[in-house]
Structures are given as structure tokens and as C-alpha cells.
Amino acid sequence: MLNIKLLYVCAILSQYAMSALVLPQTVIQTFNKTDIGFEFVPLEASTTEKHKKSSVDEDAAFWHNIAMTQLEKTLKLAQKTHEVPQKAKNIIIFIGDGMGLTTITAGRIYKGQYLKHNSGEEEMLAFDEFPYTGLAKTYNVDKQVPDSAGTATALFCGIKTDYGAIGMDITRSKTNPTQGRLKSIMDWAQTEGKRTGIVTTTRITHATPASTYAHIYHRDWECDTKVPAESIGKHVDIARQLVENAPGNKFNVILGGGLSPMGATRTNEPNTVRFGGDNEEVCSRGDGRKLVQEWLKLGNNESRVFVQSQDQLKEVHLEETDYLMGLFRNNHITYSIARQEGEPSLREMTEAAIRVLERGDDSKGYVLMVEGGRIDQAHHQNYARAAMREVLEFDMAVQAAWDMTDDEETLIIVTADHSHAVTLNGYPSRGADILGFANKTKVPLFYETISYANGPGYYDHLANGSVGAVGAEVWLPLEKFSAQQRLSPTYRHRATLPLEDETHGGEDVIVFANGPGANLIRGVFEQNYLAYVMSYTGCMGPAKNIDNSCTVGFRESSSGSMQINQSSFVFLSAIFLLNFLFL
């Protein structure tokens with residue numbers, strides 16, 4: 001009887017020891033006000049409504065002043081260091097949607113391992129080679145962690161705004177479509193006679209591309225069927241704005257997904273891999289409008305081409321085409337890891353866009369926005385493998401653009417709109433599969449190098465009957481997943497908080513720059529500053545006349561800066577020599 005009792009006690013102690021190993025006792029020490037000083041009171045706790053967001057109205061005028069001040073400060077610094085910013089004939093801005101620092105690092109390793117160059121860590125992405133970098137603060141006016149609509153409006157219109165708003169500042173109205181309306185870099189470019197275009201792997205009416213041309217209270221209003229009753233007859237849906245209003249209806253290039261919002265839904269579309277999440281749903285038109293056909297009827301006598309497949313795109317005489325629209329999917333273009341027949345890569349679309357936009361020495365140049373939009377959407381579903389593949393696709397598009405353009409006349413900016421709640425965990429061995437295990441030795445619970453703070457991956461990894469369990473008992477052991485399952489495009493990495501959609505991250509994002517004006521990217525700045533960098537460098541928009549540097553062409557400005565620097569060097573050298581000889 002005594003032996004049985006001893007065995008029972010040992011079993012209890014053993015179970016306690018294992019749980020203690022996996023889940024240490026939590027100790028939370030509290031403090032009173034005298035221990036930590038004055039208590040911070042969040043803005044939400046303010047007693048007056050006007051202080052809930054800020055002590056001032058952060059409208060368009062406010063953010064214009066912020067950006068102009070930053071630009072003036074950076075220009076003064078450039079003068080002190082004798083790095084006079086040059087002017088760009090062409091501007092290409094690449095947006096890796098959701099491509100935060102963790103994603104860049106993991107994507108770089110994935111590139112090296114996928115291409116079998118090396119162990120991965122020492123690999124370089126194309127834009128890693130750009131000479132100038134900075135950090136952009138991404139928060140929305142009303143959100144500490146932003147969405148793509150507010151950040152894209154900051155990037156392309158130069159004005160920070162509320163979560164969900166497109167092309168409008170915080171004074172936007174559901175019933176007044178002109179209130180708070182902003183102009184974008186595409187408006188500025190077209191005013192100066194530049195050619196313009198957008199390329200994306202998402203729907204062309206999705207938040208990021210839409211912010212280059214649309215002005216609407218909420219990003220979800222892509223089709224007429226999504227506009228709420230109170231706004232019908234006042235706000236025009238995003239797809240219609242692309243065809244009916246400038247700057248969208250003057251774009252020379254429109255390439256991406258989104259046949260359905262344009263009233264051109266394709267039946268029997270191939271779909272060999274079923275991905276999850278709200279992003280796999282798309283709206284349809286209720287007004288019967290065929291917006292693609294309406295787009296084809298715009299203008300007079302110019303070459304206007306519409307394509308729906310990779311093969312059709314290859315057949316277009318791009319250098320002879322004035323306007324090109326290519327829509328390759330009812331919804332977003334499929335993740336590249338499961339690309340469907342007829343879908344072009346982001347690199348192919350970028351190359352096609354540049355060939356349509358580039359018109360030689362007689363042209364006034366162009367502005368092009370290219371978005372790798374499905375990096376973000378893969379992260380939202382904890383599809384780490386799909387996200388890494390999208391980074392690789394994005395990198396190849398950047399490399400193609402860099403190869404096709406002249407560093408002396410084209411400014412290329414690469415950045416993200418925001419980050420994601422994704423982590424790179426310790427401590428995998430050098431050269432370990434970036435999508436594999438972080439540990440597989442002494443710790444009883446295996447975990448992956450890439451994991452998420454939240455998202456649907458929680459459910460995929462939750463052990464049956466785990467309610468009330470602790471430590472390792474909560475999760476299915478990773479070794480229970482077969483290699484085939486873990487290599488699947490739809491395998492979700494583990495998330496620690498259950499959400500249907502993983503969230504964005506709020507940390508600063510990196511900005512990479514190359515070409516004329518790239519030296520204006522330095523330090524830490526508000527995200528809307530980037531639009532003013534493009535404005536100043538491209539001699540267009542609100543920063544065009546901040547000084548007199550736009551009174552000469554980009555070539556003359558470039559050579560003039562060099563002549564000033566050389567003259568200064570000769571003069572200073574002569575003074576130094578005279579001092580040396582006669583003093």
C-alpha cells in the first residue's frame with residue numbers, strides 16, 4: 001500500500017516538474033505612483049472629445065508643414081555635406097506591402113536558400129545594394145498600428161490620414177465626396193506632362209494602388225455594391241473612379257488583378273490551390289457597367305490595348321502602345337508559389353510597364369508605382385512560405401527595373417507601407433531552413449524559426465482537447481506534421497493568439513533609395529515625407545518650387561551640382577597652397 005502511495009506522489013511531482021519546466025511561475029510586481037512617478041494617461045482617457053486624437057487638427061495643412069520642414073532640414077544637411085540633391089526625370093516607387101524588417105531579413109535568407117547560392121544569411125536582396133536608407137514612421141492619424149489605405153495615402157498624397165481613408169485627409173465625409181480630397185503624385189506628374197502607371201499583384205482597386213488615383217471615405221468601397229446607403233449617389237466606387245476621373249483615366253499603364261470590380265468577371269477561372277482568408281473574396285458590380293470596355297473607348301486615336309493573360313501581354317508592341325491595361329484575375333493575382341496558368345509575374349509586369357512608359361530623350365519622363373501586395377496577404381493568413389516567395393518575386397521586379405533604367409535619371413525608392421506581427425525566433429543553426437525548426441535539441445517543445453504573434457495559425461496548431469492545458473500540451477507537436485504538409489503553400493506557421501486574420505505591426509519601416517535625390521532619404525521621418533521627396537526630386541507638386549533647382553533640366557542640375565563642387569574644390573585647394581607657400 002505504501003509503494004502505491006509513493007508512486008502516486010512521484011507521478012504528481014513529475015507532472016508538476018514538467019509543467020514548471022515548460023511554463024515557469026509568473027511573478028508580476030506592482031508599483032504605486034510614488035514608485036514610478038507620474039502616471040501616463042492615454043489620449044483615450046481625455047475628458048474632451050477634441051483631445052482624443054491630438055491637441056491639434058492633423059489635417060492636410062498640418063502634414064504639409066511637417067513634410068516641408070523635414071525636406072528643408074534635409075536639404076540644409078545635404079548642402080553642409082556637399083551632396084546637393086539631383087533631379088530625376090523618372091521615378092519608380094516600389095511598395096512591398098507588409099514588408100517589415102523581419103520579413104526583409106527572412107526573405108533575404110530565403111532567397112539565398114531557394115536559389116542555392118549559399119546558407120542564406122549572407123545573401124543580398126537587390127535593394128540591399130541601394131546606397132541610401134532611412135526609417136519611416138507608419139502610424140495613422142487615429143491608429144498606432146496602421147492599415148494600407150492610410151499609409152498609402154501618406155506615401156502617395158503626402159498627407160497622413162485616418163485608418164481606411166483613401167486620398168482624403170481627416171476631414172473626410174461620408175456624404176460630401178469633395179471634402180478633404182487630396183492630390184497624389186500621379187496628379188502632380190500628369191500636370192508636368194509625365195507618363196504614369198501602376199502595377200500590382202493585388203486588385204487594381206485595392207487600397208495601395210487605389211490611393212494613387214481614388215478619393216473615397218473607405219477602402220472597402222471598390223464596387224458600387226459596397227458603397228453604403230448613406231453614401232450612394234455621393235461617393236463613386238473606386239473602380240469607376242479609375243475609368244471616369246483623372247489621374248486614373250490618364251494612366252498609361254494599369255497592370256494587376258481585379259476583373260470583377262471592373263465588370264469583366266471571367267467564368268471558369270483556374271484555381272488549383274485553395275487559400276483561406278477574406279482576401280480570397282471579391283466584390284461584383286450591381287450596376288451592369290463594363291468598365292474595361294468604357295476604358296477602351298477613352299481618348300482619341302492613341303494606341304489602347306487590353307490584355308488578360310501572360311501570352312497576350314507578350315504579344316503587345318509595348319514601345320508603340322500609348323495605354324495598356326492588363327487584368328489577369330477576377331480577384332488578386334494568385335500567390336506566386338501557386339501561380340495559375342496565364343498569370344504573369346511581378347517582374348514581367350514591371351518590365352512591360354517600363355517599356356510602355358519610357359519614351360526616350362524627347363519625353364518628360366514618368367512616374368510608376370509597383371506593389372508586391374501579396375506579401376501582406378500571405379502574412380495575414382500566417383502563410384510564411386507564400387510570403388517569402390512573394391518577397392523573392394518582389395526582389396526580382398526591383399532588379400529588373402534597376403537593370404532597365406539609368407541611375408543618373410531615375411530615382412528608385414523601395415519601402416513598405418507597414419510591417420506585420422511576425423517574428424524570427426532563436427536559435428537556429430547557421431544555414432538552417434528559414435522555414436524550418438528554430439530548435440530541435442534539448443527543449444521539449446519544438447518551435448519554428450518564423451512564427452506569428454496572432455492569426456489563424458493558432459487553430460491549425462492547437463492540440464485536440466487542449467482547453468485548460470498548460471505548456472507543451474496546448475500545441476500539436478510539430479513533428480506530427482508531415483514534411484509534405486509543412487512544404488504546402490497553405491501550411492500556416494504557429495500563432496500564439498487566435499485571430500481569423502493576423503494583424504499588421506507598428507514599427508518603423510525601412511526606405512531604400514537609389515538614383516537622383518536618393519540622398520534625401522536619411523534618418524527617421526514621417527512616412528508622408530516620401531511624397532515630398534518625389535515632389536522635389538521630380539520637379540512636380542507642392543515641393544517643386546521650394547528652391548530654384550527646377551529651373552534647369554535634370555541633366556543640367558546634375559552636372560551643375562558637380563561643377564559647383566569641383567569649382568569649390570579647386571578654389572579651396574588654391575587657398576591651401578598659397579597658405580602653405582607664404583605662411
# chains A, B, ... in the order shown; residues from 1 in each chain; ligands from 1
$ residues_around --residues "segment 374-381 of chain A" --least-positions-apart "6" --cutoff "8 Å" --atoms "only C-alpha atoms" --output "list in words"
Gly96, Asp97, Gly98, Met99, Thr201, Thr202, Gly276, Gly277, Asn279, Tyr335, Ala387, Met388, Glu390, Val391, His420, Val422, Gly455, Pro456, Gly457, Arg492, Glu500, Asp501, Glu502, Thr503 and His504 of chain A
$ residues_around --residues "segment 233-247 of chain A" --least-positions-apart "3" --cutoff "8 Å" --atoms "only C-alpha atoms" --output "PyMOL selection string"
chain A and resi 174-177+186-187+190+205+210+213-217+221-224+226-227+250-251+261-262+291+294-295
$ closest_atom_pairs --of "segment 122-216 of chain A" --to "segment 341-351 of chain A" --cutoff "10 Å" --atoms "only C-alpha atoms" --output "Markdown table"
| residue | atom | partner | partner_atom | distance |
| --- | --- | --- | --- | --- |
| A:Ile198 | CA | A:Thr350 | CA | 9.1 |
| A:Val199 | CA | A:Thr350 | CA | 6.7 |
| A:Thr200 | CA | A:Leu346 | CA | 7.4 |
| A:Thr201 | CA | A:Leu346 | CA | 6.7 |
$ select_by_dssp --residues "segment 381-426 of chain A" --states "strand (DSSP E)" --output "ChimeraX atom specification"
/A:410-415,419-420,422-424
$ write_last_selection --atoms "N, CA, C and O atoms" --output "PDB file, in the first residue's frame"
ATOM      1  N   THR A 410      16.860  58.194 -63.097  1.00  0.00           N
ATOM      2  CA  THR A 410      15.713  57.516 -62.485  1.00  0.00           C
ATOM      3  C   THR A 410      15.927  57.302 -60.995  1.00  0.00           C
ATOM      4  O   THR A 410      16.867  56.622 -60.580  1.00  0.00           O
ATOM      5  N   LEU A 411      15.059  57.893 -60.188  1.00  0.00           N
ATOM      6  CA  LEU A 411      15.034  57.650 -58.752  1.00  0.00           C
ATOM      7  C   LEU A 411      14.181  56.416 -58.481  1.00  0.00           C
ATOM      8  O   LEU A 411      13.023  56.348 -58.907  1.00  0.00           O
ATOM      9  N   ILE A 412      14.763  55.426 -57.799  1.00  0.00           N
ATOM     10  CA  ILE A 412      14.012  54.238 -57.390  1.00  0.00           C
ATOM     11  C   ILE A 412      13.953  54.204 -55.865  1.00  0.00           C
ATOM     12  O   ILE A 412      14.985  54.237 -55.192  1.00  0.00           O
ATOM     13  N   ILE A 413      12.747  54.167 -55.346  1.00  0.00           N
ATOM     14  CA  ILE A 413      12.524  54.054 -53.906  1.00  0.00           C
ATOM     15  C   ILE A 413      11.860  52.708 -53.630  1.00  0.00           C
ATOM     16  O   ILE A 413      10.911  52.321 -54.311  1.00  0.00           O
ATOM     17  N   VAL A 414      12.365  51.999 -52.633  1.00  0.00           N
ATOM     18  CA  VAL A 414      11.780  50.728 -52.209  1.00  0.00           C
ATOM     19  C   VAL A 414      11.442  50.837 -50.725  1.00  0.00           C
ATOM     20  O   VAL A 414      12.306  51.182 -49.912  1.00  0.00           O
ATOM     21  N   THR A 415      10.204  50.549 -50.383  1.00  0.00           N
ATOM     22  CA  THR A 415       9.811  50.608 -48.979  1.00  0.00           C
ATOM     23  C   THR A 415       8.587  49.725 -48.749  1.00  0.00           C
ATOM     24  O   THR A 415       8.114  49.051 -49.662  1.00  0.00           O
ATOM     25  N   SER A 419       4.416  47.062 -41.321  1.00  0.00           N
ATOM     26  CA  SER A 419       5.029  45.773 -41.007  1.00  0.00           C
ATOM     27  C   SER A 419       3.948  44.753 -40.637  1.00  0.00           C
ATOM     28  O   SER A 419       2.760  44.995 -40.870  1.00  0.00           O
ATOM     29  N   HIS A 420       4.383  43.626 -40.051  1.00  0.00           N
ATOM     30  CA  HIS A 420       3.457  42.581 -39.599  1.00  0.00           C
ATOM     31  C   HIS A 420       3.905  42.011 -38.264  1.00  0.00           C
ATOM     32  O   HIS A 420       5.067  42.178 -37.845  1.00  0.00           O
ATOM     33  N   VAL A 422       5.084  39.365 -37.122  1.00  0.00           N
ATOM     34  CA  VAL A 422       5.837  38.146 -37.410  1.00  0.00           C
ATOM     35  C   VAL A 422       7.204  38.243 -36.750  1.00  0.00           C
ATOM     36  O   VAL A 422       7.780  39.331 -36.667  1.00  0.00           O
ATOM     37  N   THR A 423       7.717  37.119 -36.255  1.00  0.00           N
ATOM     38  CA  THR A 423       8.997  37.120 -35.547  1.00  0.00           C
ATOM     39  C   THR A 423       9.962  36.102 -36.136  1.00  0.00           C
ATOM     40  O   THR A 423       9.553  35.126 -36.765  1.00  0.00           O
ATOM     41  N   LEU A 424      11.231  36.345 -35.893  1.00  0.00           N
ATOM     42  CA  LEU A 424      12.319  35.459 -36.309  1.00  0.00           C
ATOM     43  C   LEU A 424      12.951  34.929 -35.017  1.00  0.00           C
ATOM     44  O   LEU A 424      13.679  35.637 -34.344  1.00  0.00           O
TER      45      LEU A 424
END
$ residues_around --residues "Lys111 of chain A" --least-positions-apart "4" --cutoff "9 Å" --atoms "only C-alpha atoms" --output "list of chain:residue names"
A:Ala106, A:Gly107, A:Leu115, A:Lys116, A:His117, A:Gly120, A:Glu123, A:Met124, A:Leu125, A:Met388, A:Arg389, A:Val391, A:Leu392
$ residues_around --residues "Glu280 of chain A" --least-positions-apart "2" --cutoff "10 Å" --atoms "only C-alpha atoms" --output "PDB file with C-alpha atoms, in the first residue's frame"
ATOM      1  CA  ARG A 274      -7.453  26.858 -52.256  1.00  0.00           C
ATOM      2  CA  PHE A 275      -6.163  29.587 -49.948  1.00  0.00           C
ATOM      3  CA  GLY A 276      -8.074  30.901 -46.947  1.00  0.00           C
ATOM      4  CA  GLY A 277      -8.952  34.335 -45.638  1.00  0.00           C
ATOM      5  CA  ASP A 278     -11.129  37.310 -46.516  1.00  0.00           C
ATOM      6  CA  VAL A 282     -14.036  39.849 -54.197  1.00  0.00           C
ATOM      7  CA  ASN A 331      -9.568  38.866 -57.713  1.00  0.00           C
ATOM      8  CA  HIS A 332      -5.907  39.298 -56.720  1.00  0.00           C
ATOM      9  CA  THR A 334      -2.533  34.220 -57.208  1.00  0.00           C
ATOM     10  CA  GLN A 377      -1.920  38.959 -47.551  1.00  0.00           C
TER      11      GLN A 377
END
$ select_by_dssp --residues "segment 204-239 of chain A" --states "alpha helix (DSSP H)" --output "list in words"
Ala207, Thr208, Pro209, Ala210, Ile238 and Ala239 of chain A
$ write_last_selection --atoms "N, CA, C and O atoms" --output "mmCIF file, in the first residue's frame"
data_model
loop_
_atom_site.group_PDB
_atom_site.id
_atom_site.type_symbol
_atom_site.label_atom_id
_atom_site.label_comp_id
_atom_site.auth_asym_id
_atom_site.auth_seq_id
_atom_site.Cartn_x
_atom_site.Cartn_y
_atom_site.Cartn_z
ATOM 1 N N ALA A 207 -6.396 48.812 -51.723
ATOM 2 C CA ALA A 207 -6.041 50.040 -51.007
ATOM 3 C C ALA A 207 -4.798 50.739 -51.541
ATOM 4 O O ALA A 207 -4.818 51.952 -51.789
ATOM 5 N N THR A 208 -3.691 49.996 -51.712
ATOM 6 C CA THR A 208 -2.446 50.661 -52.104
ATOM 7 C C THR A 208 -2.522 51.259 -53.507
ATOM 8 O O THR A 208 -2.275 52.462 -53.676
ATOM 9 N N PRO A 209 -2.845 50.480 -54.541
ATOM 10 C CA PRO A 209 -2.939 51.117 -55.870
ATOM 11 C C PRO A 209 -4.036 52.178 -55.940
ATOM 12 O O PRO A 209 -3.874 53.202 -56.603
ATOM 13 N N ALA A 210 -5.150 51.952 -55.246
ATOM 14 C CA ALA A 210 -6.262 52.908 -55.296
ATOM 15 C C ALA A 210 -5.851 54.280 -54.770
ATOM 16 O O ALA A 210 -6.355 55.313 -55.231
ATOM 17 N N ILE A 238 -14.545 52.926 -56.198
ATOM 18 C CA ILE A 238 -13.149 53.060 -56.618
ATOM 19 C C ILE A 238 -12.952 52.649 -58.074
ATOM 20 O O ILE A 238 -12.225 53.322 -58.823
ATOM 21 N N ALA A 239 -13.568 51.549 -58.498
ATOM 22 C CA ALA A 239 -13.388 51.073 -59.877
ATOM 23 C C ALA A 239 -13.868 52.121 -60.886
ATOM 24 O O ALA A 239 -13.205 52.377 -61.898
#
$ atom_distance --atom1 "atom CA of Asp57 of chain A" --atom2 "atom CA of Val141 of chain A"
9.8 Å
$ residues_around --residues "segment 70-77 of chain A" --least-positions-apart "5" --cutoff "9 Å" --atoms "only C-alpha atoms" --output "list in words"
Asn65, His82, Glu83, Val84, Pro85, Asn519, Leu520, Ile521, Arg522, Phe525, Glu526, Tyr529, Tyr532, Val533, Tyr536, Ala543 and Ile546 of chain A
$ residues_around --residues "Arg494 of chain A" --least-positions-apart "2" --cutoff "8 Å" --atoms "only C-alpha atoms" --output "PyMOL selection string"
chain A and resi 382+448+451-452+457-458+460-461+492+496
$ write_last_selection --atoms "N, CA and C atoms" --output "mmCIF file, in the first residue's frame"
data_model
loop_
_atom_site.group_PDB
_atom_site.id
_atom_site.type_symbol
_atom_site.label_atom_id
_atom_site.label_comp_id
_atom_site.auth_asym_id
_atom_site.auth_seq_id
_atom_site.Cartn_x
_atom_site.Cartn_y
_atom_site.Cartn_z
ATOM 1 N N ASN A 382 -0.874 33.771 -42.021
ATOM 2 C CA ASN A 382 0.266 33.015 -41.459
ATOM 3 C C ASN A 382 0.890 32.074 -42.472
ATOM 4 N N GLU A 448 9.193 26.812 -34.585
ATOM 5 C CA GLU A 448 9.738 27.200 -35.878
ATOM 6 C C GLU A 448 10.469 28.534 -35.799
ATOM 7 N N SER A 451 7.461 32.583 -36.648
ATOM 8 C CA SER A 451 6.156 32.401 -36.022
ATOM 9 C C SER A 451 5.464 33.758 -35.938
ATOM 10 N N TYR A 452 4.203 33.741 -35.533
ATOM 11 C CA TYR A 452 3.383 34.943 -35.528
ATOM 12 C C TYR A 452 2.822 35.214 -34.140
ATOM 13 N N GLY A 457 -3.105 30.644 -37.726
ATOM 14 C CA GLY A 457 -2.198 29.532 -37.462
ATOM 15 C C GLY A 457 -2.347 28.965 -36.065
ATOM 16 N N TYR A 458 -2.925 29.736 -35.155
ATOM 17 C CA TYR A 458 -3.215 29.247 -33.800
ATOM 18 C C TYR A 458 -4.085 27.999 -33.860
ATOM 19 N N ASP A 460 -4.652 25.940 -36.405
ATOM 20 C CA ASP A 460 -4.050 24.808 -37.106
ATOM 21 C C ASP A 460 -3.108 24.017 -36.214
ATOM 22 N N HIS A 461 -2.522 24.680 -35.211
ATOM 23 C CA HIS A 461 -1.526 24.033 -34.359
ATOM 24 C C HIS A 461 -2.068 23.664 -32.978
ATOM 25 N N ARG A 492 0.146 26.813 -42.417
ATOM 26 C CA ARG A 492 0.240 28.023 -41.602
ATOM 27 C C ARG A 492 1.246 27.806 -40.478
ATOM 28 N N THR A 496 0.334 32.622 -31.673
ATOM 29 C CA THR A 496 0.069 32.427 -30.250
ATOM 30 C C THR A 496 -1.246 33.023 -29.766
#
$ residues_around --residues "Ser309 of chain A" --least-positions-apart "4" --cutoff "12 Å" --atoms "only C-alpha atoms" --output "PyMOL selection string"
chain A and resi 255-257+259+266+269+313-316+325-330+333+340-345+348-349
$ write_last_selection --atoms "N, CA, C and O atoms" --output "short mmCIF file (atom, residue, chain, number, x, y, z; two decimals), in the first residue's frame"
data_model
loop_
_atom_site.label_atom_id
_atom_site.label_comp_id
_atom_site.auth_asym_id
_atom_site.auth_seq_id
_atom_site.Cartn_x
_atom_site.Cartn_y
_atom_site.Cartn_z
N LEU A 255 -1.72 47.48 -64.56
CA LEU A 255 -1.49 46.04 -64.60
C LEU A 255 -1.71 45.44 -63.22
O LEU A 255 -1.15 45.93 -62.24
N GLY A 256 -2.51 44.38 -63.14
CA GLY A 256 -2.75 43.71 -61.88
C GLY A 256 -3.92 42.76 -61.96
O GLY A 256 -4.24 42.23 -63.02
N GLY A 257 -4.57 42.55 -60.84
CA GLY A 257 -5.79 41.74 -60.79
C GLY A 257 -7.00 42.64 -60.72
O GLY A 257 -6.90 43.86 -60.80
N LEU A 259 -10.54 41.85 -62.25
CA LEU A 259 -11.52 41.88 -63.33
C LEU A 259 -12.93 42.11 -62.79
O LEU A 259 -13.74 42.83 -63.39
N ARG A 266 -14.53 36.81 -65.18
CA ARG A 266 -14.23 35.68 -66.07
C ARG A 266 -14.79 34.40 -65.44
O ARG A 266 -14.60 34.15 -64.25
N GLU A 269 -12.47 30.23 -64.06
CA GLU A 269 -11.09 30.63 -63.85
C GLU A 269 -10.34 29.50 -63.15
O GLU A 269 -10.83 28.92 -62.19
N LEU A 313 0.04 39.52 -73.12
CA LEU A 313 0.96 40.59 -72.74
C LEU A 313 2.24 40.53 -73.56
O LEU A 313 2.77 41.55 -74.00
N LYS A 314 2.73 39.32 -73.81
CA LYS A 314 3.95 39.14 -74.59
C LYS A 314 3.78 39.56 -76.04
O LYS A 314 4.76 39.91 -76.71
N GLU A 315 2.56 39.54 -76.54
CA GLU A 315 2.30 39.87 -77.94
C GLU A 315 2.16 41.37 -78.19
O GLU A 315 2.17 41.83 -79.33
N VAL A 316 2.04 42.16 -77.12
CA VAL A 316 1.83 43.60 -77.28
C VAL A 316 3.12 44.28 -77.73
O VAL A 316 4.21 44.00 -77.21
N MET A 325 -3.80 48.28 -70.41
CA MET A 325 -4.45 47.72 -69.22
C MET A 325 -4.38 46.21 -69.29
O MET A 325 -4.75 45.61 -70.31
N GLY A 326 -3.87 45.60 -68.22
CA GLY A 326 -3.83 44.14 -68.14
C GLY A 326 -4.41 43.69 -66.82
O GLY A 326 -3.89 44.04 -65.75
N LEU A 327 -5.50 42.95 -66.87
CA LEU A 327 -6.14 42.39 -65.67
C LEU A 327 -6.13 40.88 -65.82
O LEU A 327 -6.74 40.34 -66.74
N PHE A 328 -5.47 40.19 -64.90
CA PHE A 328 -5.15 38.78 -65.10
C PHE A 328 -5.87 37.84 -64.15
O PHE A 328 -5.61 36.64 -64.16
N ARG A 329 -6.80 38.38 -63.37
CA ARG A 329 -7.51 37.55 -62.40
C ARG A 329 -8.78 38.29 -61.96
O ARG A 329 -8.80 39.52 -61.92
N ASN A 330 -9.84 37.56 -61.66
CA ASN A 330 -11.05 38.19 -61.14
C ASN A 330 -10.75 38.94 -59.84
O ASN A 330 -11.26 40.03 -59.61
N ILE A 333 -4.05 38.60 -58.11
CA ILE A 333 -3.23 37.60 -58.79
C ILE A 333 -2.80 36.56 -57.76
O ILE A 333 -2.49 36.90 -56.61
N GLN A 340 -1.17 30.47 -61.28
CA GLN A 340 -2.07 29.77 -62.18
C GLN A 340 -1.71 30.08 -63.65
O GLN A 340 -1.05 31.09 -63.94
N GLU A 341 -2.14 29.23 -64.52
CA GLU A 341 -1.84 29.37 -65.94
C GLU A 341 -2.33 30.72 -66.46
O GLU A 341 -3.45 31.15 -66.19
N GLY A 342 -1.46 31.41 -67.17
CA GLY A 342 -1.82 32.68 -67.78
C GLY A 342 -1.50 33.91 -66.95
O GLY A 342 -1.67 35.03 -67.42
N GLU A 343 -1.02 33.70 -65.72
CA GLU A 343 -0.71 34.85 -64.86
C GLU A 343 0.76 35.26 -65.02
O GLU A 343 1.65 34.42 -64.86
N PRO A 344 1.02 36.53 -65.31
CA PRO A 344 2.42 36.99 -65.40
C PRO A 344 3.01 37.20 -64.01
O PRO A 344 2.29 37.36 -63.03
N SER A 345 4.32 37.22 -63.94
CA SER A 345 5.00 37.52 -62.68
C SER A 345 5.04 39.03 -62.47
O SER A 345 4.81 39.81 -63.41
N GLU A 348 7.64 40.48 -64.83
CA GLU A 348 7.18 40.63 -66.21
C GLU A 348 6.29 41.87 -66.36
O GLU A 348 6.39 42.61 -67.35
N MET A 349 5.41 42.09 -65.39
CA MET A 349 4.53 43.26 -65.46
C MET A 349 5.35 44.56 -65.31
O MET A 349 5.07 45.55 -65.99
#
